[in-house]
Structures are given as structure tokens and as C-alpha cells.
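Okay, so here's the structure we're looking at.
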Amino acid sequence: MRKKIILSVFLFLQITYSIFSQTVSGKITFENKPVPFAFVYVKGGTYGVTANEKGYYKLNLPAGKITIQVSSQGFRKVSKEIITKNNEKLNLNFELFEDVLGLDEVVISATRNRVERKETPVVVSTIKPRLLTATQSASMADGLNYAPGVRVETNCQNCGFTQVRLNGLDGGYTQVLLNSRPVFTSLIGVYGLEQIPTNIIERIEVVRSGGSALYGSSAIAGTVNVITKDPVLNTWEIGSNFAFIDGKALDRTLTFNTSVVADDLNSGISLFGMNRNRESLDVNGDGFTELVKLKNTTVGAKAFVKPTEKSRISMNLNSIKEYRRGGNKLNLAPQFTDITEELDHDTFIGGIDYEVYTKDNSGKFQIYTSMSNTDRGSYYGGLGGGITKQDSILANNAFGTTKDLAWVNGLQFTKSLKSKDVLTVGAEYNFTSTKDEIVGYNRLVDQSVKSFGVYGQYEWKASEKFTALIGARLDNVNIDGNYTIGTIARNIDVSQTTFSPRLTISYQFTDALKFRGGYARGFRAPQAFNEDVHISSVGGEPQFVILSDDLKTEFSNAYTGSLNFSKNINLLQLDFLLEGFYTTLKNPFTLVSTGSTLPNGSIVEEVRNGSGAKVYGVNFEFGISPNPKWQFQLGGTLQESKYDDPQVLFETNGVSGESDITVNEFVRNPNFYGYLNTAWIPSEKFNVDLTGTYTGGMTVPRVISDTGFLQLNEVTDFFDLNLKLESHIDFNDNFMTTISAGVKNMFNAYQDDFDTGATRDSDYIYGPSAPRTFFIGIKFGKFH
């Protein structure tokens, strides 16, 4: 009996082996060069394999009619239909084409899972290293403008504070993520856009409209997710760039990247770094900076190890040391100047992820922890142009310290069902603590925020054409905040639970035309955000922001609808997006100049709740690539941002002869802005890039130094155009070099009405971030 059982099992195994013994193998190439680590799989099936470093693959398949598909980031998907027979060995090679417009790339931010961009139920825009290189962007802030609905603006002449606006809303409405984790705190958000170097970025994903259903508080306008480079190949490179700003100031950067991957692809590590040294620039000759002095050193690593075939542990570490200073007399200690803003940041960001797949690859469990910690020394003040004893006392006591911590912990489970539906559930605990203190001004921001959220979403694929995604997140938020300026003391003690639902639908009219529509609810809990932590100066005195006594939670309702046409026709790629958005805000946080000063001369602004607001408009993007040698993209935003009732920006406190200043629309918010991106790549050895951004006219407030009164100025539009030439030389497969040169803001479209002197309003700054800049760069090593 036992022999019969053994024989039966043996025969069964033999039959099974014969059924699955068909072998398909071959090589994957691009322009006759191997494409390493491409994924080869059966379309609609569960069979798949990764090609090796030389592009070779081998796949065992069942007999029958099968479609084999090949995908690799940066390339178009290619498929071939074959018929396999028992015991057949078939050779099948694939030649890939570059995905110039990114139609087949994979993104994460839409659903917190890896999904092809064209298949996502919500619109995701991406900014890739090719574009960051084309725009000669040293930091993330330089290249973010090149996506619909996105605008980066500089808000201070003394410190260079930048913020990113999505769909017309302030920076506090945007959740900036690093590797999908919300470790960008309010403090890091003030200067963090300039602290992330572009040489570490794999791509930037932008999701416009409400994201609270996935990421919690502060994602009303959407999310900007910075994905750093994974170790994929054995590479190394060293690069240097030398820029000459306005013919006066030097901006020098030195970068390095290297990565090593094991032969079995089960482990790898990347190391990277950047050192930047930018001189200060006084554009209008008044002795005070428009561009601040900046020194930045960033180093970091990203690594992974696969303990088993179904599991992976990944880790990322980043250390940022940055010094920036603006004002005047930069050669003196800050307390001996007329006005100085000096900041010395020491930031650490790190995280660990563990993910494991089920045996049939239909489920994935993920657990993660990430944190950021910043120690900052600061100085805000100076003599204000005076030499009195009181001025000197204040100046000597304007030093401050800041400690800032964020810690994120979470777990997530994703299950792909037999119906091709996808279920995602997860939980996340976020803790942030900020203590910002300037003893001389009796200024304190002491704030801790604890948030526990659970979320779930179900992606229902009713048919090949129709998909619906329903999801929600439940957050319990606890805020304990103490805010003091001079004789004013406020506190916030909030504990609340908020429900944030989301519903999106998509319908594929044709293979090329897709409709997406959706609704999302968002919220911002009452706390200090990046704009509130920042300090500016007016009339030679610091201008502080404090939260009002009865600040309430802000809620939003966001509606979107879009049409996206994307198609590959042989070498031709076409991509057109038309996206409408309508967002209503309840209890919007608004900043009011109170017109009052403290006994020490400090000026006070207050965050209050407005009566309501609405933001609506259209984003568009058109891209065409007739072949890999040419690329053209044009995008922009046409919008309106209005308050339901007139909003007070400046109140007089009963001063005779003055009246409150109110506005009906958001300030510092152009109704139209956009970008263009053109590339000509005639050969592997040479390419030309023409890029630019347009900023329409807008209303910008300016505080008149002599009176403290607020003036609303209608400023003109700007068109910032850049040209870059690049030449490549490959000496061999292990050593190559790239030389580049060009000019940024070639027509010198730059603000010409800066406020002047020690008593200027340092926040009165708008338009492009820098005047005309010539640059030259070189990069060498083994890179792809």
C-alpha cells in the first residue's frame, strides 16, 4: 500500500512537472543595451521573475496561450502573446522604449500602495530626476513648480522662508511626506524645501485635493511625497555646480552618490551627500539681503535586505546641517547689526520599514517607524538702525533655541481579492513636539500634538472600465499648546475625534481616455503651522504670530473631476489632463495684523477663524513626445480663491484716521500660473533643455514701516525662463562624464520694488526666487 502511495505521488509530480516545464527565456534591452532587473510576468496571472543585472531572464510557464509583459521604471510596458507547448524551450527577447512622459510609471501616494499612474483612481503628478536636472535644481524647492496646481514662493528677505502652495492654498494646507511618512513638522516646513537636495530624489509625487482620508490632518490641499533613491545598481558619481547669481554672488554645490547591490539582489545600500555654499545677495544696493547666505551639508543612506523571498526590511537615514543668515553687516555678530535673522539647524531624519507578502503574493503586511529631530539656534533682531541703550539690550537678548521632534509609527495590510478588488486597512500614531523660545522677547511656542488614526479603503473594480474607491480615516487628536509673546499668553488644550471620508470613481471610456471624479473631507486642528513659527521683521522690529484664544478646527470639502487622455502610438506619446477642483473651507485659519505693538516694540499678528472660503479652478497639462529625442510639456492653473465674507487683514484698534483693511480674495495668490518643459536630445552625447515658469499678477500686502499701516499692492506677472546645454561622454561602461552650462531666469524677470533699509517689511517679496544666474556643472562616475 505504501509503495502504491509513493508511486502515485511520484507520477503526480512528474505530470505536474511536465505541465509546468515550458521555459521562456531571453534578454531585455534598450537601444541594444541591457536593462537590468526588469520585471517579466504573465499578464493577468501569478507567474513572474526579475531579470538579472545583464538583462537576462528565465521563466517557467504552463502550456497554452499566454501574454508576457515586461515593465521597468522609466520604460514603457511591452507585451507579446505566445503559445507554449509541453517541454518547449522558447527564446523571447524584448526591446524597450523610454517612457518619456511617465505614462507607465508606478506611484504610491494615491492609495498608499504601488499602482501604475494611469490606473490610479485619483490624479497623481510626478516630478522626476530628469526634470530636476533640466532645471538645474539644487534643492527640492527649485523644481517643485513643474506640476499643475503647484507653486513655490519665497516669503522673507531676511531668512529665505519658502512654502509650497497646492491649488492656491497656503503651505500649511499641504502635507509634505518623505518616503510616504509625515515627518516634515511645522518647523521643518519653514526651511525644509531647501534642505532636501535633488541628488537623493527618485521622484516627487503630487496628489492635489483632500488627502486627510489617508494621511490625516494638514492634507486639505493635498500631499507632496518625496521618494528618495533606492539602491538598484552598482553605481557611483561625483558632481559639482558653480552658479553666478546676478553677476555678484556665488552658489557652489558638491554632490556624491554611490550604491552597491548584492549579486543575488537580496541586499543593497546607497550613500549620498551634498555640500552647498551660497553667498548672500543685495539686489537693490541698500546694504540688506534679498537672497540669504546659505551653507548646507546633507549626508545620508538608504538600504534594504530581504531575509526571505517574501519579505524586505528597508532603512533610510538623513543628517542635515544648515546655516543661513540674512539682513545686513553679515561680517559682524548679529547683535551689532541693524537687523539680522540667523538660523543654525541640526536635523536628523530616519526610518525603518518591514514588509512581508503572503505565500500567494495576494497580501502584504507592513510595519514602520520614522522620526525627525531638529535642534536649532536662532537670532531674530538687531539695533533697528538705532544706537540707544534700550536697542542694545533688546539686540543682545534676541537669541533663541528650538527643539523639534516628530515620531510616526504605523502598520498596514493590503489584500488583493480574486475579484481584483483591493482592500487596505491600517493604523498610525503620530507624535510631534515643538519648543521654540526667545527669552529676550518673552516669546514661547511650546506645543505637542498626539494623533492616533485608523483608516481603511476598498477599491471596487466593478468592470474593466469602472472602478470606485471608498475610504475613510478616523483620527483622535490631542493638542497641548502654550503660546506667549511679551505680555500676551494663550493656550490650546484640544482633544477631538475627526472622521474624514473619501469617495472617488474612475471610468475608462477608451484605452486612452479616462474620467476621474471624487469627494474628500479634510481637517486642520488648531495648532501652530510653519507660517506661524516663522518670524519676519517690520520697522526694524520682529513681527510675531500668535494663535487666538478660541481657535477652532478648520474643515474642508473638496470636489474634483478630470479627463485624462494618454496614448502611445509607436514612438509617439501623448498626454493631456484637464482637472477641475472646488474646495470649501469652514473656519479657515486667517492671519490678521492687529496694528498693535508690545512694550518692547514687537509687532503682533493673530491667527483667527474666518467665516468661510472657497477655492475653485482648473488645472491642465499637455505633453507630447514624438520620439525619445523630443519632449514638450505645458501646464498651468486658472483659479479663484474667495472668502464668503470680507476678511480683515489689518485692524486699526480705533486709531484715528485709519480704517480696517479687508479683502474678498486670498492675497499672494495669482489667478493664473503655469510652466513649460522642453527637451531636445539629438543623441546620447548632447541635449538641450528649455524650461520656465509663469506667475500671474496678484495682490501682495506690504506693511508701511513709518506708520505700521497695511498697504495692498497689485503686482505684475513674471515669466522665468531657463536654458541648459548638456554634453555626455562615455569613456567605457564604468566611467562617464557630463558637462553642463546655461542660464536661469535669462530675461532677469525679478522683483524691482523691494522695501529698503533696516525698517523694511521683510515679507514684501514675490516673484521668482533669484535674478539672472549663469551656471556651469560637471558630473563623472558610473551612472545611468
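Ordering of the C-alpha cells sets the chain letters (A, B, ...); residue numbers start at 1 within each chain; ligands are numbered from 1 in the order shown.
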Problem - Expected answer as number ranges by chain: alpha helix (DSSP H) residues in range 432-661 of chain A - result: A: 530-533
Quick one: residues within 7 Å of range 479-487 of chain A, only C-alpha atoms, excluding same-chain residues fewer than 2 positions away - as a PDB file with N, CA and C atoms, in the first residue's frame?
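As written to disk, part-v4.pdb reads:
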ATOM      1  N   TYR A 441      12.533  88.302  24.178  1.00  0.00           N
ATOM      2  CA  TYR A 441      11.224  88.838  23.785  1.00  0.00           C
ATOM      3  C   TYR A 441      10.085  88.169  24.558  1.00  0.00           C
ATOM      4  N   ASN A 442      10.439  87.308  25.523  1.00  0.00           N
ATOM      5  CA  ASN A 442       9.437  86.507  26.224  1.00  0.00           C
ATOM      6  C   ASN A 442       8.523  85.820  25.216  1.00  0.00           C
ATOM      7  N   ARG A 443       9.153  85.202  24.227  1.00  0.00           N
ATOM      8  CA  ARG A 443       8.420  84.526  23.157  1.00  0.00           C
ATOM      9  C   ARG A 443       8.575  83.021  23.332  1.00  0.00           C
ATOM     10  N   LEU A 444       7.431  82.300  23.343  1.00  0.00           N
ATOM     11  CA  LEU A 444       7.460  80.854  23.538  1.00  0.00           C
ATOM     12  C   LEU A 444       6.374  80.193  22.703  1.00  0.00           C
ATOM     13  N   VAL A 445       6.771  79.169  21.962  1.00  0.00           N
ATOM     14  CA  VAL A 445       5.831  78.227  21.348  1.00  0.00           C
ATOM     15  C   VAL A 445       6.184  76.864  21.916  1.00  0.00           C
ATOM     16  N   ASP A 446       5.315  76.352  22.775  1.00  0.00           N
ATOM     17  CA  ASP A 446       5.546  75.053  23.421  1.00  0.00           C
ATOM     18  C   ASP A 446       4.334  74.185  23.104  1.00  0.00           C
ATOM     19  N   GLN A 447       4.504  73.284  22.147  1.00  0.00           N
ATOM     20  CA  GLN A 447       3.353  72.592  21.576  1.00  0.00           C
ATOM     21  C   GLN A 447       3.639  71.108  21.402  1.00  0.00           C
ATOM     22  N   SER A 448       2.691  70.272  21.784  1.00  0.00           N
ATOM     23  CA  SER A 448       2.773  68.837  21.499  1.00  0.00           C
ATOM     24  C   SER A 448       1.445  68.391  20.896  1.00  0.00           C
ATOM     25  N   VAL A 449       1.559  67.536  19.903  1.00  0.00           N
ATOM     26  CA  VAL A 449       0.373  67.027  19.205  1.00  0.00           C
ATOM     27  C   VAL A 449       0.476  65.509  19.148  1.00  0.00           C
ATOM     28  N   LYS A 450      -0.536  64.833  19.675  1.00  0.00           N
ATOM     29  CA  LYS A 450      -0.616  63.375  19.625  1.00  0.00           C
ATOM     30  C   LYS A 450      -1.830  63.004  18.781  1.00  0.00           C
ATOM     31  N   VAL A 477      -7.178  63.386  17.912  1.00  0.00           N
ATOM     32  CA  VAL A 477      -6.078  64.344  18.002  1.00  0.00           C
ATOM     33  C   VAL A 477      -6.103  65.026  19.358  1.00  0.00           C
ATOM     34  N   ALA A 489      -0.423  85.808  26.569  1.00  0.00           N
ATOM     35  CA  ALA A 489      -0.267  84.359  26.768  1.00  0.00           C
ATOM     36  C   ALA A 489      -1.545  83.664  26.327  1.00  0.00           C
ATOM     37  N   ARG A 490      -1.394  82.653  25.534  1.00  0.00           N
ATOM     38  CA  ARG A 490      -2.537  81.859  25.048  1.00  0.00           C
ATOM     39  C   ARG A 490      -2.211  80.394  25.251  1.00  0.00           C
ATOM     40  N   ASN A 491      -3.241  79.565  25.314  1.00  0.00           N
ATOM     41  CA  ASN A 491      -3.013  78.118  25.376  1.00  0.00           C
ATOM     42  C   ASN A 491      -4.125  77.400  24.637  1.00  0.00           C
ATOM     43  N   ILE A 492      -3.789  76.224  24.148  1.00  0.00           N
ATOM     44  CA  ILE A 492      -4.758  75.370  23.475  1.00  0.00           C
ATOM     45  C   ILE A 492      -4.685  73.991  24.104  1.00  0.00           C
ATOM     46  N   ASP A 493      -5.834  73.485  24.502  1.00  0.00           N
ATOM     47  CA  ASP A 493      -5.941  72.137  25.063  1.00  0.00           C
ATOM     48  C   ASP A 493      -7.117  71.469  24.373  1.00  0.00           C
ATOM     49  N   VAL A 494      -6.824  70.745  23.327  1.00  0.00           N
ATOM     50  CA  VAL A 494      -7.865  70.184  22.462  1.00  0.00           C
ATOM     51  C   VAL A 494      -7.757  68.672  22.432  1.00  0.00           C
ATOM     52  N   SER A 495      -8.890  68.006  22.543  1.00  0.00           N
ATOM     53  CA  SER A 495      -8.978  66.573  22.322  1.00  0.00           C
ATOM     54  C   SER A 495     -10.230  66.335  21.497  1.00  0.00           C
ATOM     55  N   ILE A 546       0.678  84.858  16.849  1.00  0.00           N
ATOM     56  CA  ILE A 546       0.132  84.138  17.998  1.00  0.00           C
ATOM     57  C   ILE A 546      -1.256  83.641  17.629  1.00  0.00           C
ATOM     58  N   LEU A 598       3.918  95.439  21.213  1.00  0.00           N
ATOM     59  CA  LEU A 598       4.186  95.153  22.614  1.00  0.00           C
ATOM     60  C   LEU A 598       5.093  96.238  23.194  1.00  0.00           C
TER      61      LEU A 598
END
How close does each residue of range 179-215 of chain A get to range 296-312 of chain A, giving the shortest atom pair and distance in Å to one decimal for every residue with an atom at most 10 Å away, counting only C-alpha atoms, sorted by chain and residue number, as JSON lines?
{"residue": "A:Glu194", "atom": "CA", "partner": "A:Asn296", "partner_atom": "CA", "distance": 9.2}
{"residue": "A:Gln195", "atom": "CA", "partner": "A:Asn296", "partner_atom": "CA", "distance": 7.3}
{"residue": "A:Ile196", "atom": "CA", "partner": "A:Thr298", "partner_atom": "CA", "distance": 7.9}
{"residue": "A:Pro197", "atom": "CA", "partner": "A:Thr298", "partner_atom": "CA", "distance": 7.7}
{"residue": "A:Ile200", "atom": "CA", "partner": "A:Gly300", "partner_atom": "CA", "distance": 8.7}
Problem - Exercise: Leu59 in chain A partners within 9 Å, only C-alpha atoms, chain neighbours under 3 positions left out, as an MDAnalysis selection string - result: chainID A and resid 22:25 40:41 47:49
Practice task
Would you mind listing what lies within 8 Å of range 579-593 of chain A as a ChimeraX atom specification, with only C-alpha atoms counted and same-chain residues fewer than 2 positions away left out?
Solution key: /A:209,552-563,577,595,604-620,648-651
Restricting it to C-alpha atoms, dump the selection as a compact mmCIF listing (two decimals), in the first residue's frame.
# COMPACT_ATOMS: atom_id res chain seq x y z
CA SER A 209 -7.13 67.94 -3.26
CA LYS A 552 -11.45 76.19 16.15
CA THR A 553 -10.66 73.24 13.90
CA GLU A 554 -10.76 74.00 10.19
CA PHE A 555 -12.66 71.64 7.88
CA SER A 556 -12.81 71.30 4.11
CA ASN A 557 -14.95 69.64 1.48
CA ALA A 558 -13.10 69.04 -1.77
CA TYR A 559 -14.63 68.00 -5.11
CA THR A 560 -12.64 67.10 -8.21
CA GLY A 561 -13.32 65.90 -11.72
CA SER A 562 -10.85 65.23 -14.51
CA LEU A 563 -10.37 63.89 -18.01
CA LEU A 577 -5.03 66.36 -18.43
CA GLY A 595 -1.96 97.05 14.35
CA VAL A 604 1.80 91.11 16.77
CA GLU A 605 -0.22 89.21 14.19
CA GLU A 606 -3.01 86.84 15.20
CA VAL A 607 -4.37 83.63 13.66
CA ARG A 608 -8.17 83.65 13.70
CA ASN A 609 -11.01 81.70 12.16
CA GLY A 610 -12.64 83.28 9.13
CA SER A 611 -16.29 82.90 8.23
CA GLY A 612 -15.63 80.58 5.30
CA ALA A 613 -13.93 80.44 1.92
CA LYS A 614 -13.98 78.66 -1.40
CA VAL A 615 -11.22 77.81 -3.85
CA TYR A 616 -12.08 76.64 -7.35
CA GLY A 617 -10.49 76.42 -10.75
CA VAL A 618 -8.93 74.25 -13.43
CA ASN A 619 -5.54 72.55 -13.73
CA PHE A 620 -4.31 71.49 -17.14
CA VAL A 648 -9.99 91.55 7.90
CA LEU A 649 -6.25 91.64 7.19
CA PHE A 650 -5.45 94.74 9.23
CA GLU A 651 -7.36 96.23 12.15
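Within range 268-297 of chain A, DSSP applied to the backbone places the following residues in strand (DSSP E): A:Gly268, A:Ile269, A:Ser270, A:Leu271, A:Phe272, A:Gly273, A:Met274, A:Asn275, A:Arg276, A:Asn277, A:Arg278, A:Lys293, A:Leu294, A:Lys295, A:Asn296, A:Thr297.
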Give me a file of those residues, with C-alpha atoms, as a short mmCIF file (atom, residue, chain, number, x, y, z; two decimals), in the first residue's frame.
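This is the output file selection31.cif:
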data_model
loop_
_atom_site.label_atom_id
_atom_site.label_comp_id
_atom_site.auth_asym_id
_atom_site.auth_seq_id
_atom_site.Cartn_x
_atom_site.Cartn_y
_atom_site.Cartn_z
CA GLY A 268 21.83 46.83 -1.18
CA ILE A 269 22.87 50.21 0.15
CA SER A 270 23.05 53.75 -1.21
CA LEU A 271 25.10 56.60 0.20
CA PHE A 272 24.67 60.23 -0.78
CA GLY A 273 25.71 63.71 0.19
CA MET A 274 25.60 67.38 -0.76
CA ASN A 275 27.54 70.43 0.32
CA ARG A 276 26.19 73.83 -0.72
CA ASN A 277 27.66 77.26 -0.12
CA ARG A 278 25.67 80.24 -1.41
CA LYS A 293 23.72 83.45 2.94
CA LEU A 294 23.31 79.68 2.94
CA LYS A 295 25.56 76.79 3.97
CA ASN A 296 24.12 73.29 3.81
CA THR A 297 25.67 69.86 4.32
#
Practice task
Tell me which protein, DNA and RNA residues are within 8 Å of Asp421 in chain A, counting only C-alpha atoms, leaving out same-chain ones fewer than 5 positions away, and put them as number ranges by chain.
Solution key: A: 416, 458-461
